[in-house]
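Asker: Before we start, here is the structure in question, set down as structure tokens.
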Amino acid sequence: MKTPDGATLAADEAPFSPAGAAPARQPRRAWLRPPSSAYDQRSAMLFLAPMIAVLMAVAVFPVLYSFWLSLFDLKLTRPHRVPFVWFDNYLKVFQDPLFWESVLRSVNFTVMSVLAIMVIATLMALLLNQEFRGRRVLSAILLIPWAIPYVANGLMWKWIYDSGYGALNGLLLQLGFIDKYLVMLGDTDKTLGLITNAFVWKEVPLATILLLVTLKSVRPDLYSAAKVDGANVWQRFLHITLPSLVPGFALVVIYEAMMAIRHFDLFFVLTEGGPADASHVVAWQVYVETFRKLAFGTGAALAYIMALATFVLAWFVIRATSRKL
Amino acid sequence: MSNTCMGSASRRDFLKAAAAAGAAAGGLLSHEALAQSGALNMYTWSAAVDLVKSHLSAFEAKTGIKVAYNTSPWAQYRDTMITKFVAKAPIDVMWVSDSWLPEWADAGWLAPVNPFPELLKYNTDADRFCTESMTYKGKQYGLTYYSDYMAFFYDAEMLKKAGIKEPPKTWDEVLQQSLKIKSAGLSQYPMMLSMARESWLIEFLSAMVFSHGGRFVDDKGAAALAQANGGAQRALQWIADAVQKHKIISPASVETGELNGLKAFGAGNHAFALLSRYRIRTLNDAKQSPIAGRVRQAMMPAGPGGSPATVGWMRFHGMTPQAAADKTRAANAAKLIEWFGGKAGSEYQFQKMLFNDLGSGFGIPSLFKDAEVQASYAKYADIKVFEAQQKLARKKDVISRWFGEWDEVNGTAWQSAVLGKSTVADALKKSAGAWNELRKDS
């Protein structure tokens, strides 16, 4: 049997039997065989049990427990009175005008970030899909922002944006765009945009890789055929490249939107939700409620609302793009 | 073959590592057991660690009482301690900030030290605001770690260059002198005020409000900051005008924390600064500051209807109820608190060590007369101004069980007004409303 790249597989390594052919032989090695008896299934369960137990303890239990907590008016600073309040914490969150302002800011941040990431990553992926001298070096350089931890990234941008000695101000001044240093993160009109920029810089590499992988899967003969039919570059992009990129786009939109909605690190390092409440997004509100006010009940309710919003968004994106996948 | 050897070696290594880990865990357990059986458990934030350790060694040598010492960074200290309290971790003595006193006392995490006359006797030596800052609902909850206040500093050389002979005595003079310095091209923003949202913010705001003759809260505990033309309103209006109208304070002040403010002032970018009093040691240290020797402390400028009052704060040694519940443990904890917060031997040894090594303030007026203290301070500042200003330091009036929650709203409101995103009156109304609501809820 031949693999797609021409290598020959041994009969017992064949993943499936070709249509009409006799069924492939069972693997010789016993441990490769799928569980065929109750005994094997019990053994499999036995081996999986420790991992299931660990997952239950570190993932399932905390998730369920945090939901349970969200039904209590639990404040660590008031340890002697923890009333069960049903869904009052959720109601309290929805009735808080600050929450809706935070939602609006989170939506702004997410839309700006995802759009910017999509555009830049698409252009980068198209560039890296071409053969040219230095392509590998450029690919390696592209990965650097991705490799930098978020907190380090935040600290770096804090220096760059600094109003007194920041590199951005220095650059703009030297290029003659400004005549004196500008207030950057301290300006409520610029804050969210500047945080978005730092987020986009960090996230573009992964999105580029995902789109590049999608581009690599487009069959070259489609382009050859289109050329023969007289399609120009733009038409080939519009009718071959772009539709082929839809699965990649869906993946990028879902992943980056989830990252943006839940994003906390840059808000913490760069602005702590300020100035005033210019960068007070939902993720920041979860932190303030839980770790500053130590109100675990409301904090857990907020976190659940945020998680639910993320799931709903992912569902809509998957539904909207699934027809094209 | 080699794989087998490797496997065998790995297993042996694993067993060795497991044994070592077991021994280490055993060591930790025995340490914990020791701590629980006899040694006192002392928690502090990570400051003056070497001084604390050396003073602890002296305590252990003198009393034979063992102390297990642990620290946590200041930024996470409150959360860490609350988590430990809730989990009933073994803690006997810890450092407490006056900002957390009502919260911790009401939650039952702090025990009053009133049953220990050997600790209360030091009140006669202490500044009034220090004792007041450790007192809640008529009970005292500890003894000094250190205390200090918000001070007004100026760059004497910059003032001289601008032809200014004397530092300002009022906030209006600060404005006039700043405009003069600005027009002389000596500084773009002559006044440095840190307004970032951090734990220091309330100290800066309180100093401004007190010096404008205002208060955040009245005698009955209701919000007083929104009073029309009250001290708080005058203070916030002054700051907002200084940022937006006169441009003597940078709009970036809302992203400048205390430490960055110190760096900016220390770099010679400003003529005036509001900073913690103990920072003058760093500012006049040639190894750490480009403007060393140029920084002077002046009395806090007074606003219209105000006085040179400032805000003082207190960090103190407190005792947990679990220590207080056991007679022997409580007695040992009291000895430890006295060793640090009171006299060790015949003098306030720890206060003096902190002052001489770090410049930290003290709440013991008699130390101003101490020859060693005077000689140490004379190297970098004027002790007379230090003492005179300390006499006018007042306890923060917003310290309450709901302080943390209100502080979030208040910080946002003041920043909004400073940046012109809301009016001064609206910002203060919002903050006052939040205060009254939280007070009612609580």
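Labels used: A, B, ... for chains in the order of the structure tokens, numbers from 1 for residues in each chain, and numbers from 1 for ligands as shown.
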Using only C-alpha atoms, determine which residues of chain B fall within 6 Å of chain A; present them as an MDAnalysis selection string.
Answerer: chainID B and resid 107 252 254:255 405 412 415:416
Asker: Would you save the residues of that selection, restricted to C-alpha atoms, as an mmCIF file, in the first residue's frame?
Answerer:
```cif
data_model
loop_
_atom_site.group_PDB
_atom_site.id
_atom_site.type_symbol
_atom_site.label_atom_id
_atom_site.label_comp_id
_atom_site.auth_asym_id
_atom_site.auth_seq_id
_atom_site.Cartn_x
_atom_site.Cartn_y
_atom_site.Cartn_z
ATOM 1 C CA ALA B 107 -13.926 39.635 60.569
ATOM 2 C CA ALA B 252 -0.042 61.327 32.581
ATOM 3 C CA VAL B 254 -3.233 59.267 36.185
ATOM 4 C CA GLU B 255 -0.853 56.550 35.012
ATOM 5 C CA GLU B 405 -14.692 48.577 47.649
ATOM 6 C CA THR B 412 -12.093 56.188 39.147
ATOM 7 C CA GLN B 415 -9.343 60.349 37.716
ATOM 8 C CA SER B 416 -12.413 61.161 35.594
#
```
Asker: Could you go through segment 28-78 of chain A and tell me which residues DSSP, when run on the backbone, assigns to helix (DSSP H, G or I), listing them as a PyMOL selection string?
Answerer: chain A and resi 30-32+38-69
Asker: Restricting it to C-alpha atoms, dump the selection as a PDB file, in the first residue's frame.
Answerer:
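Here's the written file result-v3.pdb:
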```pdb
ATOM      1  CA  ALA A  30      -1.511  -7.056  20.847  1.00  0.00           C
ATOM      2  CA  TRP A  31      -1.197  -3.553  22.259  1.00  0.00           C
ATOM      3  CA  LEU A  32      -2.139  -2.026  18.934  1.00  0.00           C
ATOM      4  CA  ALA A  38     -15.134  -6.704  28.132  1.00  0.00           C
ATOM      5  CA  TYR A  39     -11.840  -7.575  29.776  1.00  0.00           C
ATOM      6  CA  ASP A  40      -9.932  -5.254  27.431  1.00  0.00           C
ATOM      7  CA  GLN A  41     -12.439  -2.472  28.012  1.00  0.00           C
ATOM      8  CA  ARG A  42     -12.146  -2.892  31.752  1.00  0.00           C
ATOM      9  CA  SER A  43      -8.365  -2.771  31.452  1.00  0.00           C
ATOM     10  CA  ALA A  44      -8.578   0.371  29.346  1.00  0.00           C
ATOM     11  CA  MET A  45     -10.839   1.995  31.910  1.00  0.00           C
ATOM     12  CA  LEU A  46      -8.488   0.959  34.679  1.00  0.00           C
ATOM     13  CA  PHE A  47      -5.543   2.623  32.951  1.00  0.00           C
ATOM     14  CA  LEU A  48      -7.583   5.722  32.183  1.00  0.00           C
ATOM     15  CA  ALA A  49      -9.013   5.980  35.682  1.00  0.00           C
ATOM     16  CA  PRO A  50      -6.098   7.924  37.253  1.00  0.00           C
ATOM     17  CA  MET A  51      -6.228  10.543  34.503  1.00  0.00           C
ATOM     18  CA  ILE A  52     -10.005  10.788  34.743  1.00  0.00           C
ATOM     19  CA  ALA A  53      -9.678  11.238  38.503  1.00  0.00           C
ATOM     20  CA  VAL A  54      -7.084  13.988  38.020  1.00  0.00           C
ATOM     21  CA  LEU A  55      -9.258  15.739  35.433  1.00  0.00           C
ATOM     22  CA  MET A  56     -12.272  15.526  37.721  1.00  0.00           C
ATOM     23  CA  ALA A  57     -10.259  17.012  40.563  1.00  0.00           C
ATOM     24  CA  VAL A  58      -8.508  19.816  38.700  1.00  0.00           C
ATOM     25  CA  ALA A  59     -11.046  20.697  35.990  1.00  0.00           C
ATOM     26  CA  VAL A  60     -14.566  19.422  36.490  1.00  0.00           C
ATOM     27  CA  PHE A  61     -14.828  19.946  40.242  1.00  0.00           C
ATOM     28  CA  PRO A  62     -13.531  23.572  40.237  1.00  0.00           C
ATOM     29  CA  VAL A  63     -15.880  24.465  37.370  1.00  0.00           C
ATOM     30  CA  LEU A  64     -18.904  23.045  39.171  1.00  0.00           C
ATOM     31  CA  TYR A  65     -17.787  24.393  42.523  1.00  0.00           C
ATOM     32  CA  SER A  66     -17.349  27.916  41.142  1.00  0.00           C
ATOM     33  CA  PHE A  67     -20.928  27.732  39.836  1.00  0.00           C
ATOM     34  CA  TRP A  68     -22.058  26.673  43.316  1.00  0.00           C
ATOM     35  CA  LEU A  69     -20.138  29.634  44.777  1.00  0.00           C
TER      36      LEU A  69
END
```
Asker: So that I can see what lies close to Val253 of chain A, please list as JSON, numbers by chain the residues with an atom at most 8 Å from it, counting only C-alpha atoms and leaving out residues fewer than 3 positions away in the same chain.
Answerer: {"A": [114, 118, 249, 250, 256, 257, 317]}
Asker: Enumerate, as a count of residues only, the complete set of residues in segment 283-412 of chain B that a backbone-based DSSP assignment places in strand (DSSP E or B).
Answerer: 20
Asker: Just how far from atom CA of Ser97 of chain B is atom CA of Lys139 of chain B, in Å to one decimal?
Answerer: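 Separation of atom CA of Lys139 of chain B and atom CA of Ser97 of chain B: 15.8 Å.
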Asker: Tell me which protein, DNA and RNA residues are within 9 Å of segment 172-187 of chain B, counting only C-alpha atoms, leaving out same-chain ones fewer than 2 positions away, and put them as number ranges by chain.
Answerer: B: 158-159, 161-164, 167-170, 189-191, 238, 242, 246-248, 268-272, 301-304
Asker: So that I have them on file, write out the residues from the current selection with N, CA and C atoms, as a short mmCIF file (atom, residue, chain, number, x, y, z; two decimals), in the first residue's frame.
Answerer:
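Generated output (out-v3.cif):
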```
data_model
loop_
_atom_site.label_atom_id
_atom_site.label_comp_id
_atom_site.auth_asym_id
_atom_site.auth_seq_id
_atom_site.Cartn_x
_atom_site.Cartn_y
_atom_site.Cartn_z
N MET B 158 16.16 74.25 41.26
CA MET B 158 15.26 74.70 40.19
C MET B 158 14.53 75.97 40.60
N LEU B 159 14.16 76.03 41.87
CA LEU B 159 13.49 77.24 42.36
C LEU B 159 14.44 78.44 42.27
N LYS B 161 16.96 78.81 40.22
CA LYS B 161 17.13 79.19 38.81
C LYS B 161 15.96 80.03 38.32
N ALA B 162 14.78 79.75 38.86
CA ALA B 162 13.59 80.50 38.45
C ALA B 162 13.45 81.81 39.22
N GLY B 163 14.39 82.07 40.10
CA GLY B 163 14.36 83.32 40.87
C GLY B 163 13.37 83.28 42.03
N ILE B 164 13.05 82.07 42.48
CA ILE B 164 12.11 81.94 43.61
C ILE B 164 12.92 81.75 44.88
N PRO B 167 10.09 78.48 49.27
CA PRO B 167 9.12 77.49 48.77
C PRO B 167 7.70 77.96 49.06
N PRO B 168 6.74 77.43 48.33
CA PRO B 168 5.35 77.91 48.49
C PRO B 168 4.75 77.50 49.84
N LYS B 169 3.88 78.37 50.33
CA LYS B 169 3.18 78.07 51.60
C LYS B 169 1.71 77.73 51.36
N THR B 170 1.22 78.11 50.19
CA THR B 170 -0.18 77.80 49.87
C THR B 170 -0.23 77.12 48.50
N TYR B 189 6.17 70.23 33.30
CA TYR B 189 5.14 70.05 34.33
C TYR B 189 5.81 70.19 35.70
N PRO B 190 5.86 71.39 36.26
CA PRO B 190 6.63 71.59 37.49
C PRO B 190 6.12 70.81 38.70
N MET B 191 4.84 70.51 38.74
CA MET B 191 4.30 69.78 39.92
C MET B 191 4.12 68.30 39.58
N TRP B 238 -8.58 72.12 42.30
CA TRP B 238 -7.20 72.60 42.13
C TRP B 238 -6.42 71.64 41.22
N ALA B 242 -5.05 72.36 37.54
CA ALA B 242 -3.59 72.24 37.36
C ALA B 242 -3.27 71.37 36.15
N HIS B 246 -4.01 75.00 33.67
CA HIS B 246 -2.67 75.60 33.81
C HIS B 246 -1.57 74.71 33.26
N LYS B 247 -1.86 73.44 33.13
CA LYS B 247 -0.91 72.45 32.60
C LYS B 247 0.40 72.45 33.38
N ILE B 248 0.28 72.50 34.69
CA ILE B 248 1.49 72.39 35.53
C ILE B 248 1.65 70.97 36.07
N GLY B 268 14.86 64.90 38.00
CA GLY B 268 14.95 66.36 37.81
C GLY B 268 13.91 66.91 36.86
N ASN B 269 12.82 66.14 36.64
CA ASN B 269 11.80 66.60 35.70
C ASN B 269 10.80 67.59 36.31
N HIS B 270 10.77 67.67 37.62
CA HIS B 270 9.75 68.50 38.29
C HIS B 270 10.38 69.37 39.38
N ALA B 271 9.65 70.42 39.74
CA ALA B 271 10.13 71.30 40.80
C ALA B 271 9.52 70.92 42.15
N PHE B 272 8.27 70.45 42.11
CA PHE B 272 7.57 70.11 43.34
C PHE B 272 7.03 68.68 43.25
N PRO B 301 1.65 72.81 51.61
CA PRO B 301 0.96 74.07 51.30
C PRO B 301 -0.51 74.00 51.75
N ALA B 302 -1.03 75.13 52.13
CA ALA B 302 -2.42 75.15 52.59
C ALA B 302 -3.33 75.68 51.49
N GLY B 303 -4.50 75.10 51.40
CA GLY B 303 -5.49 75.61 50.45
C GLY B 303 -6.30 76.70 51.12
N PRO B 304 -7.18 77.39 50.36
CA PRO B 304 -8.02 78.41 50.98
C PRO B 304 -8.90 77.78 52.07
#
```
Asker: Using only C-alpha atoms, which residues sit within 8 Å of Asn114 of chain B once same-chain residues fewer than 2 positions away are excluded, as a PyMOL selection string?
Answerer: chain B and resi 112+116-117+119-120+139-141
Asker: Name all residues at most 12 Å from Ser307 of chain B (count only C-alpha atoms; drop same-chain ones fewer than 3 positions away) and give them as a VMD selection string.
Answerer: chain B and resid 169 to 171 207 to 214 231 299 to 304 310 389 392 to 394
Asker: Which residues, written as a list of chain:residue names, have at least one atom at most 12 Å from segment 84-86 of chain A, with only C-alpha atoms counted and residues fewer than 4 positions away on the same chain left out?
Answerer: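 Here the answer would be A:Phe67, A:Trp68, A:Leu69, A:Ser70, A:Leu71, A:Phe72, A:Asp73, A:Leu74, A:Tyr90, A:Leu91, A:Lys92, A:Gly297, A:Thr298, A:Ala301.
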Asker: Generate a file of the selected residues that holds N, CA and C atoms, formatted as a PDB file, in the first residue's frame.
Answerer:
```
ATOM      1  N   PHE A  67     -19.511  27.429  40.091  1.00  0.00           N
ATOM      2  CA  PHE A  67     -20.928  27.732  39.836  1.00  0.00           C
ATOM      3  C   PHE A  67     -21.710  27.731  41.158  1.00  0.00           C
ATOM      4  N   TRP A  68     -21.418  26.758  41.995  1.00  0.00           N
ATOM      5  CA  TRP A  68     -22.058  26.673  43.316  1.00  0.00           C
ATOM      6  C   TRP A  68     -21.771  27.957  44.119  1.00  0.00           C
ATOM      7  N   LEU A  69     -20.519  28.409  44.056  1.00  0.00           N
ATOM      8  CA  LEU A  69     -20.138  29.634  44.777  1.00  0.00           C
ATOM      9  C   LEU A  69     -20.914  30.845  44.269  1.00  0.00           C
ATOM     10  N   SER A  70     -21.192  30.833  42.958  1.00  0.00           N
ATOM     11  CA  SER A  70     -21.871  31.999  42.374  1.00  0.00           C
ATOM     12  C   SER A  70     -23.298  32.142  42.900  1.00  0.00           C
ATOM     13  N   LEU A  71     -23.786  31.144  43.599  1.00  0.00           N
ATOM     14  CA  LEU A  71     -25.140  31.205  44.160  1.00  0.00           C
ATOM     15  C   LEU A  71     -25.133  31.714  45.610  1.00  0.00           C
ATOM     16  N   PHE A  72     -23.945  32.049  46.113  1.00  0.00           N
ATOM     17  CA  PHE A  72     -23.829  32.557  47.486  1.00  0.00           C
ATOM     18  C   PHE A  72     -23.335  34.001  47.474  1.00  0.00           C
ATOM     19  N   ASP A  73     -23.741  34.758  48.477  1.00  0.00           N
ATOM     20  CA  ASP A  73     -23.176  36.099  48.646  1.00  0.00           C
ATOM     21  C   ASP A  73     -21.917  35.940  49.500  1.00  0.00           C
ATOM     22  N   LEU A  74     -20.871  35.439  48.847  1.00  0.00           N
ATOM     23  CA  LEU A  74     -19.646  35.091  49.573  1.00  0.00           C
ATOM     24  C   LEU A  74     -18.593  36.190  49.436  1.00  0.00           C
ATOM     25  N   TYR A  90     -26.183  37.101  39.784  1.00  0.00           N
ATOM     26  CA  TYR A  90     -26.315  37.318  38.340  1.00  0.00           C
ATOM     27  C   TYR A  90     -27.165  38.562  38.082  1.00  0.00           C
ATOM     28  N   LEU A  91     -28.264  38.671  38.848  1.00  0.00           N
ATOM     29  CA  LEU A  91     -29.136  39.840  38.692  1.00  0.00           C
ATOM     30  C   LEU A  91     -28.386  41.122  39.034  1.00  0.00           C
ATOM     31  N   LYS A  92     -27.619  41.038  40.119  1.00  0.00           N
ATOM     32  CA  LYS A  92     -26.841  42.202  40.567  1.00  0.00           C
ATOM     33  C   LYS A  92     -25.881  42.662  39.466  1.00  0.00           C
ATOM     34  N   GLY A 297     -18.608  35.401  45.291  1.00  0.00           N
ATOM     35  CA  GLY A 297     -19.916  35.078  44.712  1.00  0.00           C
ATOM     36  C   GLY A 297     -20.155  35.851  43.433  1.00  0.00           C
ATOM     37  N   THR A 298     -20.027  37.183  43.505  1.00  0.00           N
ATOM     38  CA  THR A 298     -20.247  38.011  42.315  1.00  0.00           C
ATOM     39  C   THR A 298     -19.159  37.748  41.278  1.00  0.00           C
ATOM     40  N   ALA A 301     -20.051  34.647  39.430  1.00  0.00           N
ATOM     41  CA  ALA A 301     -21.186  34.897  38.529  1.00  0.00           C
ATOM     42  C   ALA A 301     -20.707  35.619  37.266  1.00  0.00           C
TER      43      ALA A 301
END
```
Asker: For atom CA of Gln95 of chain A and atom CA of Arg401 of chain B, determine how far apart the two atoms are, in Å to one decimal place.
Answerer: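 Between these atoms lies a distance of 23.8 Å.
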